[in-house]
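Below is entry.txt, holding compact mmCIF, C-alpha atoms and all ligand atoms.
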```txt
# COMPACT_ATOMS: atom_id res chain seq x y z
CA MET A 6 39.79 -21.92 1.90
CA GLU A 7 36.79 -20.36 0.29
CA VAL A 8 34.30 -22.81 -1.08
CA SER A 9 32.07 -20.37 -2.88
CA THR A 10 31.87 -16.67 -3.30
CA GLN A 11 28.49 -15.26 -2.51
CA ARG A 12 27.43 -12.39 -4.72
CA ILE A 13 25.40 -9.97 -2.65
CA GLY A 14 23.54 -6.97 -4.02
CA ILE A 15 22.84 -4.01 -1.76
CA LEU A 16 19.90 -1.75 -2.38
CA GLY A 17 19.73 0.99 0.22
CA GLY A 18 17.00 3.51 0.83
CA THR A 19 14.45 4.85 3.24
CA PHE A 20 11.80 2.67 1.54
CA ASN A 21 9.09 5.08 2.55
CA PRO A 22 7.31 3.08 1.26
CA ILE A 23 8.98 0.29 -0.68
CA HIS A 24 7.31 -0.05 -4.09
CA LYS A 25 7.26 -2.19 -7.19
CA ALA A 26 10.06 -0.29 -8.93
CA HIS A 27 12.37 -1.28 -6.05
CA ILE A 28 11.46 -4.91 -6.62
CA GLN A 29 11.97 -4.54 -10.37
CA LEU A 30 15.36 -2.94 -9.77
CA ALA A 31 16.39 -5.83 -7.50
CA ASN A 32 15.18 -8.36 -10.07
CA ALA A 33 17.11 -6.59 -12.81
CA ALA A 34 20.27 -6.64 -10.69
CA LEU A 35 19.81 -10.30 -9.74
CA ALA A 36 19.65 -11.23 -13.41
CA ALA A 37 22.24 -8.81 -14.78
CA CYS A 38 24.93 -9.54 -12.18
CA ASP A 39 24.08 -13.14 -11.38
CA LEU A 40 23.57 -12.26 -7.72
CA ASP A 41 22.63 -14.73 -5.00
CA VAL A 42 20.66 -12.22 -3.00
CA VAL A 43 19.70 -8.57 -2.89
CA LEU A 44 19.62 -7.01 0.57
CA PHE A 45 17.21 -4.10 0.98
CA VAL A 46 19.08 -2.03 3.52
CA VAL A 47 16.55 0.16 5.29
CA ALA A 48 17.98 3.52 6.32
CA GLY A 49 17.53 4.60 9.92
CA ASP A 50 15.73 7.69 11.10
CA PRO A 51 18.11 10.60 10.59
CA PRO A 52 18.93 12.02 14.04
CA HIS A 53 18.09 15.67 13.44
CA LYS A 54 15.42 15.52 10.80
CA GLN A 55 12.62 13.11 10.16
CA VAL A 56 12.06 11.14 7.01
CA ALA A 57 9.20 12.44 4.89
CA GLY A 58 5.78 11.75 6.32
CA ASN A 59 7.39 11.06 9.69
CA THR A 60 7.28 7.33 9.00
CA ALA A 61 8.98 5.39 11.78
CA ALA A 62 11.81 3.10 10.75
CA ALA A 63 9.87 0.18 12.21
CA HIS A 64 7.08 0.79 9.67
CA ARG A 65 9.52 1.14 6.78
CA LEU A 66 11.28 -2.07 7.77
CA ALA A 67 7.98 -3.91 8.22
CA MET A 68 6.89 -2.88 4.73
CA ALA A 69 10.24 -3.92 3.24
CA ARG A 70 9.90 -7.33 4.90
CA LEU A 71 6.37 -7.78 3.58
CA ALA A 72 7.32 -6.69 0.07
CA VAL A 73 10.25 -9.09 -0.33
CA GLU A 74 8.53 -12.04 1.33
CA PRO A 75 7.40 -13.63 -1.96
CA TYR A 76 10.87 -13.33 -3.49
CA ALA A 77 13.38 -16.06 -2.63
CA HIS A 78 16.46 -13.97 -3.47
CA MET A 79 15.54 -10.76 -1.70
CA GLU A 80 15.86 -9.89 1.98
CA ALA A 81 15.12 -6.86 4.10
CA CYS A 82 18.12 -5.84 6.19
CA ASP A 83 17.89 -3.83 9.43
CA ILE A 84 21.61 -3.40 9.98
CA GLU A 85 21.44 0.42 9.78
CA LEU A 86 18.52 0.51 12.21
CA ARG A 87 20.40 -1.40 14.86
CA ARG A 88 23.30 1.04 14.79
CA PRO A 89 22.88 4.38 16.58
CA GLY A 90 23.65 7.60 14.77
CA LYS A 91 23.99 8.29 11.08
CA SER A 92 24.79 5.29 8.92
CA TYR A 93 27.26 5.93 6.15
CA SER A 94 27.35 3.48 3.27
CA ILE A 95 30.95 2.69 4.08
CA ASP A 96 30.07 1.63 7.64
CA THR A 97 27.22 -0.53 6.40
CA LEU A 98 29.38 -2.14 3.77
CA ALA A 99 32.15 -2.81 6.29
CA ALA A 100 29.65 -4.39 8.69
CA LEU A 101 28.19 -6.56 5.95
CA LYS A 102 31.66 -7.61 4.86
CA SER A 103 32.38 -8.93 8.32
CA MET A 104 28.99 -10.68 8.40
CA TYR A 105 29.58 -12.33 5.03
CA PRO A 106 33.32 -12.95 4.80
CA GLY A 107 34.49 -13.66 1.27
CA ALA A 108 31.35 -12.37 -0.38
CA ALA A 109 31.47 -9.98 -3.32
CA PHE A 110 29.31 -6.91 -2.91
CA PHE A 111 27.37 -5.02 -5.54
CA MET A 112 25.96 -1.62 -4.68
CA ILE A 113 22.83 -1.07 -6.76
CA VAL A 114 22.21 2.57 -7.58
CA GLY A 115 20.18 4.64 -9.99
CA GLY A 116 22.11 5.81 -13.05
CA ASP A 117 21.69 9.38 -11.88
CA MET A 118 23.47 8.57 -8.61
CA LEU A 119 26.74 7.54 -10.23
CA ALA A 120 27.78 11.12 -10.92
CA ASN A 121 27.25 11.94 -7.27
CA LEU A 122 29.26 9.01 -5.92
CA PRO A 123 32.51 10.99 -5.42
CA ASN A 124 30.61 13.15 -2.90
CA TRP A 125 29.70 10.22 -0.71
CA TYR A 126 31.39 9.93 2.66
CA GLN A 127 34.92 8.45 2.25
CA ALA A 128 34.18 7.90 -1.42
CA GLN A 129 37.60 6.55 -2.41
CA ALA A 130 37.56 3.82 0.24
CA LEU A 131 33.91 3.01 -0.39
CA ILE A 132 34.41 2.72 -4.14
CA GLY A 133 37.16 0.17 -3.59
CA MET A 134 34.93 -2.06 -1.48
CA ALA A 135 32.24 -3.01 -3.97
CA THR A 136 31.20 -3.14 -7.57
CA PHE A 137 28.77 -0.37 -8.42
CA VAL A 138 25.79 -1.36 -10.47
CA GLY A 139 24.07 1.56 -12.13
CA PHE A 140 20.70 1.34 -13.77
CA ALA A 141 20.07 4.26 -16.08
CA ARG A 142 16.62 5.17 -17.29
CA ALA A 143 16.02 5.90 -20.93
CA GLY A 144 17.44 9.34 -21.67
CA GLU A 145 19.91 9.17 -18.78
CA GLU A 146 22.32 6.74 -20.45
CA GLU A 147 24.77 9.31 -21.78
CA ALA A 148 25.21 11.13 -18.48
CA ALA A 149 25.53 7.80 -16.64
CA GLU A 150 28.15 6.61 -19.13
CA LEU A 151 30.17 9.78 -18.57
CA ALA A 152 29.95 9.27 -14.80
CA ARG A 153 31.07 5.66 -15.19
CA LYS A 154 34.14 6.66 -17.22
CA HIS A 155 35.07 9.28 -14.65
CA LEU A 156 34.71 6.83 -11.75
CA GLU A 157 36.84 4.25 -13.50
CA LYS A 158 39.55 6.72 -14.41
CA ALA A 159 39.72 8.81 -11.27
CA TYR A 160 38.81 6.19 -8.66
CA HIS A 161 39.58 2.86 -10.36
CA ALA A 162 36.00 1.94 -9.66
CA ASN A 163 34.27 -1.19 -10.90
CA VAL A 164 31.10 0.07 -12.49
CA LEU A 165 28.52 -1.95 -14.38
CA LEU A 166 25.99 0.13 -16.22
CA PHE A 167 22.64 -1.05 -17.54
CA THR A 168 19.66 0.59 -19.10
CA THR A 169 16.29 -0.25 -17.57
CA HIS A 170 12.63 0.13 -18.23
CA ILE A 171 11.73 0.14 -14.58
CA ALA A 172 8.42 1.75 -13.67
CA PRO A 173 9.00 5.41 -12.85
CA TYR A 174 7.38 5.12 -9.41
CA ALA A 175 8.68 7.22 -6.58
CA SER A 176 7.85 6.96 -2.91
CA THR A 177 7.03 10.69 -2.87
CA GLN A 178 4.32 10.15 -5.44
CA ILE A 179 2.92 7.17 -3.52
CA ARG A 180 2.73 9.11 -0.27
CA ALA A 181 0.98 11.97 -2.07
CA ARG A 182 -1.53 9.60 -3.63
CA VAL A 183 -2.36 7.99 -0.29
CA ALA A 184 -2.77 11.43 1.27
CA HIS A 185 -5.23 12.39 -1.47
CA GLY A 186 -7.24 9.18 -1.18
CA LEU A 187 -5.99 7.73 -4.45
CA PRO A 188 -5.22 4.03 -4.83
CA VAL A 189 -1.62 2.80 -4.87
CA CYS A 190 -2.47 -0.88 -5.26
CA ASP A 191 -0.79 -1.02 -8.69
CA MET A 192 2.38 0.64 -7.43
CA VAL A 193 3.12 -1.34 -4.26
CA GLU A 194 2.90 -5.00 -3.35
CA GLY A 195 -0.52 -6.07 -2.05
CA SER A 196 0.86 -6.75 1.42
CA VAL A 197 2.34 -3.23 1.55
CA ASP A 198 -0.95 -1.71 0.38
CA ALA A 199 -2.71 -3.56 3.21
CA TYR A 200 -0.09 -2.43 5.73
CA ILE A 201 -0.41 1.23 4.73
CA TYR A 202 -4.17 1.16 5.40
CA GLU A 203 -3.96 -1.01 8.52
CA GLU A 204 -1.48 1.40 10.06
CA GLY A 205 -2.99 4.55 8.58
CA LEU A 206 0.29 5.79 7.09
CA TYR A 207 0.68 8.92 4.93
CA LEU A 208 -2.75 10.32 5.83
CA PRO A 209 -3.55 13.99 6.34
CA GLN A 210 -3.77 14.90 10.01
CA ASP A 211 -7.56 15.07 10.29
CA VAL A 212 -7.99 11.62 8.78
CA ALA A 213 -5.10 10.20 10.83
CA LEU A 214 -6.89 11.41 13.96
CA LEU A 215 -10.12 9.65 12.93
CA TYR A 216 -8.06 6.54 12.24
CA GLN A 217 -6.77 6.65 15.81
CA ILE A 218 -10.29 7.10 17.15
CA CYS A 219 -11.52 4.09 15.18
CA LYS A 220 -8.57 2.02 16.34
CA ARG A 221 -9.32 3.00 19.94
CA ASP A 222 -13.07 2.40 19.83
CA LEU A 223 -13.47 -0.60 17.55
CA SER A 224 -12.40 -4.15 18.30
CA PRO A 225 -9.16 -5.19 16.55
CA ARG A 226 -11.13 -7.46 14.23
CA ARG A 227 -13.58 -4.70 13.34
CA PHE A 228 -10.78 -2.23 12.83
CA SER A 229 -8.99 -4.59 10.49
CA HIS A 230 -12.24 -5.00 8.53
CA THR A 231 -12.58 -1.20 8.45
CA ALA A 232 -9.05 -0.79 7.06
CA GLY A 233 -9.93 -3.31 4.35
CA VAL A 234 -13.09 -1.37 3.49
CA VAL A 235 -11.10 1.88 3.26
CA ARG A 236 -8.58 0.27 0.93
CA THR A 237 -11.30 -1.23 -1.25
CA ALA A 238 -13.48 1.90 -1.29
CA ILE A 239 -10.49 3.97 -2.44
CA ARG A 240 -9.93 1.61 -5.35
CA LEU A 241 -13.64 1.56 -6.28
CA ALA A 242 -13.93 5.34 -5.93
CA ALA A 243 -11.09 5.82 -8.43
CA ARG A 244 -12.63 3.23 -10.75
CA TYR A 245 -16.13 4.76 -10.68
CA GLY A 246 -15.27 8.44 -10.40
CA VAL A 247 -16.42 9.12 -6.84
CA ASP A 248 -14.92 11.82 -4.63
CA ALA A 249 -11.94 9.98 -3.14
CA LYS A 250 -11.88 11.74 0.20
CA ALA A 251 -15.61 11.25 0.78
CA ALA A 252 -15.28 7.55 -0.03
CA ARG A 253 -12.34 7.23 2.36
CA LEU A 254 -14.16 9.01 5.16
CA ALA A 255 -17.40 7.05 4.73
CA ALA A 256 -15.52 3.75 4.56
CA LEU A 257 -13.46 4.59 7.64
CA LEU A 258 -16.52 5.47 9.70
CA HIS A 259 -19.09 3.09 8.20
CA ASP A 260 -18.98 0.71 11.18
CA TYR A 261 -18.24 3.28 13.87
CA GLY A 262 -21.65 2.46 15.34
CA ARG A 263 -20.25 -0.98 16.17
CA SER A 264 -18.34 0.67 18.99
CA VAL A 265 -21.62 0.79 20.94
CA GLU A 266 -24.28 -1.07 18.98
CA TRP A 267 -24.06 -4.66 17.78
CA ASP A 268 -27.35 -4.98 15.95
CA ALA A 269 -26.77 -5.95 12.31
CA LEU A 270 -28.97 -3.13 11.03
CA GLY A 271 -29.11 -0.79 14.03
CA HIS A 272 -25.38 -0.08 14.06
CA ALA A 273 -25.73 1.94 10.84
CA VAL A 274 -28.36 4.23 12.35
CA VAL A 275 -26.48 4.59 15.63
CA GLY A 276 -23.22 5.02 13.73
CA GLU A 277 -24.51 7.85 11.57
CA LYS A 278 -25.71 9.73 14.65
CA LEU A 279 -22.43 9.18 16.52
CA VAL A 280 -20.33 10.22 13.55
CA ARG A 281 -22.41 13.37 13.15
CA GLU A 282 -22.77 14.34 16.80
CA THR A 283 -19.62 13.00 18.46
CA LEU A 284 -17.09 13.14 15.66
CA GLY A 285 -18.58 16.27 14.11
CA ILE A 286 -18.73 15.04 10.53
CA GLN A 287 -21.02 17.33 8.51
CA ASP A 288 -20.68 16.01 4.97
CA ALA A 289 -24.22 14.91 4.04
CA GLN A 290 -23.12 12.44 1.37
CA VAL A 291 -20.74 10.75 3.80
CA LEU A 292 -23.40 10.53 6.53
CA ARG A 293 -25.90 9.06 4.08
CA ALA A 294 -23.46 6.39 2.90
CA ILE A 295 -22.92 5.38 6.55
CA LEU A 296 -26.65 5.39 7.32
CA TYR A 297 -27.50 3.12 4.38
CA HIS A 298 -24.46 0.87 4.34
CA THR A 299 -26.45 -2.12 5.57
CA THR A 300 -29.65 -1.75 3.54
CA LEU A 301 -29.05 0.59 0.62
CA TYR A 302 -32.11 2.33 -0.90
CA ALA A 303 -33.64 2.90 -4.32
CA GLY A 304 -31.94 6.22 -5.11
CA ALA A 305 -28.50 5.19 -3.85
CA THR A 306 -25.64 7.39 -5.11
CA VAL A 307 -22.44 6.02 -6.56
CA LEU A 308 -20.75 6.78 -3.23
CA ASP A 309 -23.41 4.80 -1.34
CA LYS A 310 -22.87 1.85 -3.67
CA VAL A 311 -19.08 2.06 -3.41
CA VAL A 312 -19.21 1.90 0.39
CA TYR A 313 -21.84 -0.85 0.34
CA LEU A 314 -19.80 -2.98 -2.05
CA ALA A 315 -16.44 -2.27 -0.39
CA ASP A 316 -17.99 -3.50 2.87
CA MET A 317 -18.98 -6.76 1.16
CA ILE A 318 -15.79 -7.51 -0.75
CA GLU A 319 -12.93 -6.09 1.34
CA PRO A 320 -9.95 -8.49 1.39
CA GLY A 321 -10.82 -9.84 4.85
CA ARG A 322 -14.22 -11.15 3.66
CA LYS A 323 -14.39 -14.86 3.13
CA TYR A 324 -17.63 -16.45 1.94
CA PRO A 325 -18.64 -18.51 -1.07
CA GLY A 326 -19.11 -16.20 -4.02
CA VAL A 327 -16.99 -13.30 -2.73
CA GLU A 328 -14.40 -13.82 -5.48
CA GLU A 329 -17.12 -13.53 -8.16
CA LEU A 330 -18.34 -10.31 -6.55
CA ARG A 331 -14.77 -8.95 -6.54
CA GLU A 332 -14.41 -9.72 -10.22
CA MET A 333 -17.79 -8.16 -10.94
CA SER A 334 -16.75 -5.04 -9.01
CA GLU A 335 -14.13 -4.43 -11.71
CA VAL A 336 -16.70 -4.71 -14.47
CA ASP A 337 -19.82 -2.89 -13.36
CA LEU A 338 -20.71 -1.30 -10.04
CA ASP A 339 -24.48 -1.69 -10.39
CA LEU A 340 -24.21 -5.33 -11.34
CA ALA A 341 -21.89 -6.14 -8.44
CA VAL A 342 -24.02 -4.23 -5.94
CA TYR A 343 -27.18 -5.91 -7.28
CA HIS A 344 -25.68 -9.38 -6.79
CA GLY A 345 -24.31 -8.45 -3.39
CA LEU A 346 -27.64 -7.10 -2.25
CA LYS A 347 -29.51 -10.15 -3.56
CA ARG A 348 -27.14 -12.38 -1.66
CA THR A 349 -27.63 -10.45 1.59
CA MET A 350 -31.42 -10.47 1.18
CA PHE A 351 -31.39 -14.22 0.52
CA HIS A 352 -29.43 -14.87 3.71
CA LEU A 353 -31.73 -12.67 5.79
CA GLU A 354 -34.75 -14.59 4.48
CA GLN A 355 -33.04 -17.89 5.27
CA LYS A 356 -32.55 -16.75 8.83
CA GLY A 357 -36.15 -15.59 9.06
CA ILE A 358 -35.14 -11.92 9.39
CA PRO A 359 -37.50 -9.60 7.50
CA VAL A 360 -35.83 -7.77 4.63
CA GLN A 361 -36.01 -3.98 4.86
CA LYS A 362 -38.24 -2.16 2.41
CA ASN A 363 -35.25 0.00 1.40
CA SER A 364 -33.33 -3.08 0.33
CA ILE A 365 -36.22 -4.49 -1.72
CA GLU A 366 -36.65 -1.17 -3.51
CA ALA A 367 -32.90 -0.86 -4.07
CA ALA A 368 -32.77 -4.34 -5.58
CA GLN A 369 -35.67 -3.53 -7.91
CA ALA A 370 -34.03 -0.29 -9.01
CA LEU A 371 -30.66 -1.99 -9.59
CA PHE A 372 -32.33 -4.80 -11.47
CA ALA A 373 -33.93 -2.27 -13.83
CA VAL A 374 -30.62 -0.43 -14.35
CA CYS A 375 -28.71 -3.63 -15.08
CA LYS A 376 -31.43 -4.80 -17.44
CA GLU A 377 -31.23 -1.48 -19.29
CA LYS A 378 -27.46 -1.83 -19.58
CA GLY A 379 -27.97 -5.32 -20.99
CA LEU A 380 -26.13 -6.92 -18.07
CA LEU A 381 -29.06 -9.10 -16.96
FE FE B 401 -21.64 -2.47 9.08
FE FE B 402 -18.65 -3.25 7.75
```
Once you've parsed the file, please lay out its structure as structure tokens.
Amino acid sequence: MEVSTQRIGILGGTFNPIHKAHIQLANAALAACDLDVVLFVVAGDPPHKQVAGNTAAAHRLAMARLAVEPYAHMEACDIELRRPGKSYSIDTLAALKSMYPGAAFFMIVGGDMLANLPNWYQAQALIGMATFVGFARAGEEEAAELARKHLEKAYHANVLLFTTHIAPYASTQIRARVAHGLPVCDMVEGSVDAYIYEEGLYLPQDVALLYQICKRDLSPRRFSHTAGVVRTAIRLAARYGVDAKAARLAALLHDYGRSVEWDALGHAVVGEKLVRETLGIQDAQVLRAILYHTTLYAGATVLDKVVYLADMIEPGRKYPGVEELREMSEVDLDLAVYHGLKRTMFHLEQKGIPVQKNSIEAAQALFAVCKEKGLL
């Protein structure tokens, strides 16, 4: 005898990467259909072609797991990854039905997909196995309604149709933004954003290669810090109108000197030379940002400041006052850099380490700028 009937939503996709619109869609389905859980079924790697960006299924699954972690009624599901060969929806549904006997299944699809449903593999059988939940975007309602009527009449399908205001994000757009050095922190969950930069996903080949070099030559802790600086510098570069690719490159290589030199100041000088001579980076603005990332200087460019600040406030940094600096970084770059620099200089003095002339001059210059802006 069945005690309760679980209501299980299925949201399938390559999730390359999973983004906030997926989460919104799942939330909408949970509420609209009174579901107990939504399973994010991650599609396997197609046997004869690769998913866009060549993103391994393991990465796509890892991101799905991270994204749903904060949500009690969502789960990432690897059932299609554990089965060799192409996974048809009907096979997945059949497998899930045997895993959850007695459960009612709801296939969550975009409104535009409903019309295409009859073309799915073994459509008639599939349509009989679940309720189809379509979410139509504004402007798509009429076409979706037509598709629903056809499915009901020709296939005796159970179709529930809703209109949504889900963010129009697409994974394609997110991959393109990452490739161009543009932030995606508003489009994906924070944990997914971190994962993308830790793993160096969706990068152009030249940058991906430098990522591998950094991963090889830096300690895991230093590499993780570097990934955090890249992620932060990209956000700051977009906020303050700096060349995104230059900011990404400078952030990625800012601590490359740490691969051979541990001195708190010296690693910047050694790093700049290594990056120039060994890695062949020619971009003068990038090299300068690396050279001055520990001290700054009076005429620092916006790029220099972005890298300096990203180094201080990347998500892995934990010290009293870092949260205030992060908040300030959203308000005014000069103000945040000024406070960051003052803090560093104070700590050097406390330790009896002489403060570099460049830093003193930079602090004076920033003080004057902030004063002029009425921020101090
Ligand atoms: Fe450094
Ligand atoms: Fe650093």
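Checking A:Gly271, A:Gly139, A:Pro325, A:Gly144 one by one against Gly14 in chain A, counting only C-alpha atoms, you find the shortest gap at A:Gly139.
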Do a neighbour search on Gln11 in chain A at 8 Å with only C-alpha atoms, toss out local chain neighbours closer than 4 positions, and write the hits as a list in words.
Leu40, Asp41, Gly107, Ala108 and Ala109 of chain A
Which of these residues is nearest to ligand FE 401 (chain B), using all atoms listed in the file: A:Gln369, A:Thr299, A:Thr177, A:Asn363?
A:Thr299
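For the set A:Asn59, A:Glu377, A:His27, A:Gly18, the residue with the smallest atom-to-atom gap to Cys82 in chain A is A:Gly18, counting only C-alpha atoms.
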Ligand FE 401 (chain B) neighbours within 12 Å using only C-alpha atoms and all ligand atoms, as a PyMOL selection string
chain A and resi 223+227-228+230-231+234+255-264+266-277+294-301+312-317
Residue neighbourhood Thr169 in chain A, 8 Å, only C-alpha atoms, exclusion window fewer than 6 positions, as a list in words
Ala33, Phe140, Ala141, Arg142 and Ala143 of chain A
Expressed in Å to a single decimal, how great is the separation between CA of Leu206 in chain A and CA of Gln287 in chain A?
24.3 Å
Ligand FE 402 (chain B) proximity check over A:Arg226, A:Arg182, A:Arg65, A:Arg87, using only C-alpha atoms and all ligand atoms: winner is A:Arg226
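Considering all atoms listed in the file, the residue among A:Leu131, A:Leu151, A:Leu292, A:Met79 positioned nearest to Asp117 in chain A is A:Leu151.
Distances to Ala34 in chain A were evaluated for A:Ala232, A:Ala62, A:Ala130, A:Leu165 using all atoms listed in the file, and the minimum falls at A:Leu165.
Separating CA of Tyr160 in chain A from CA of Leu122 in chain A is a distance of 10.3 Å.
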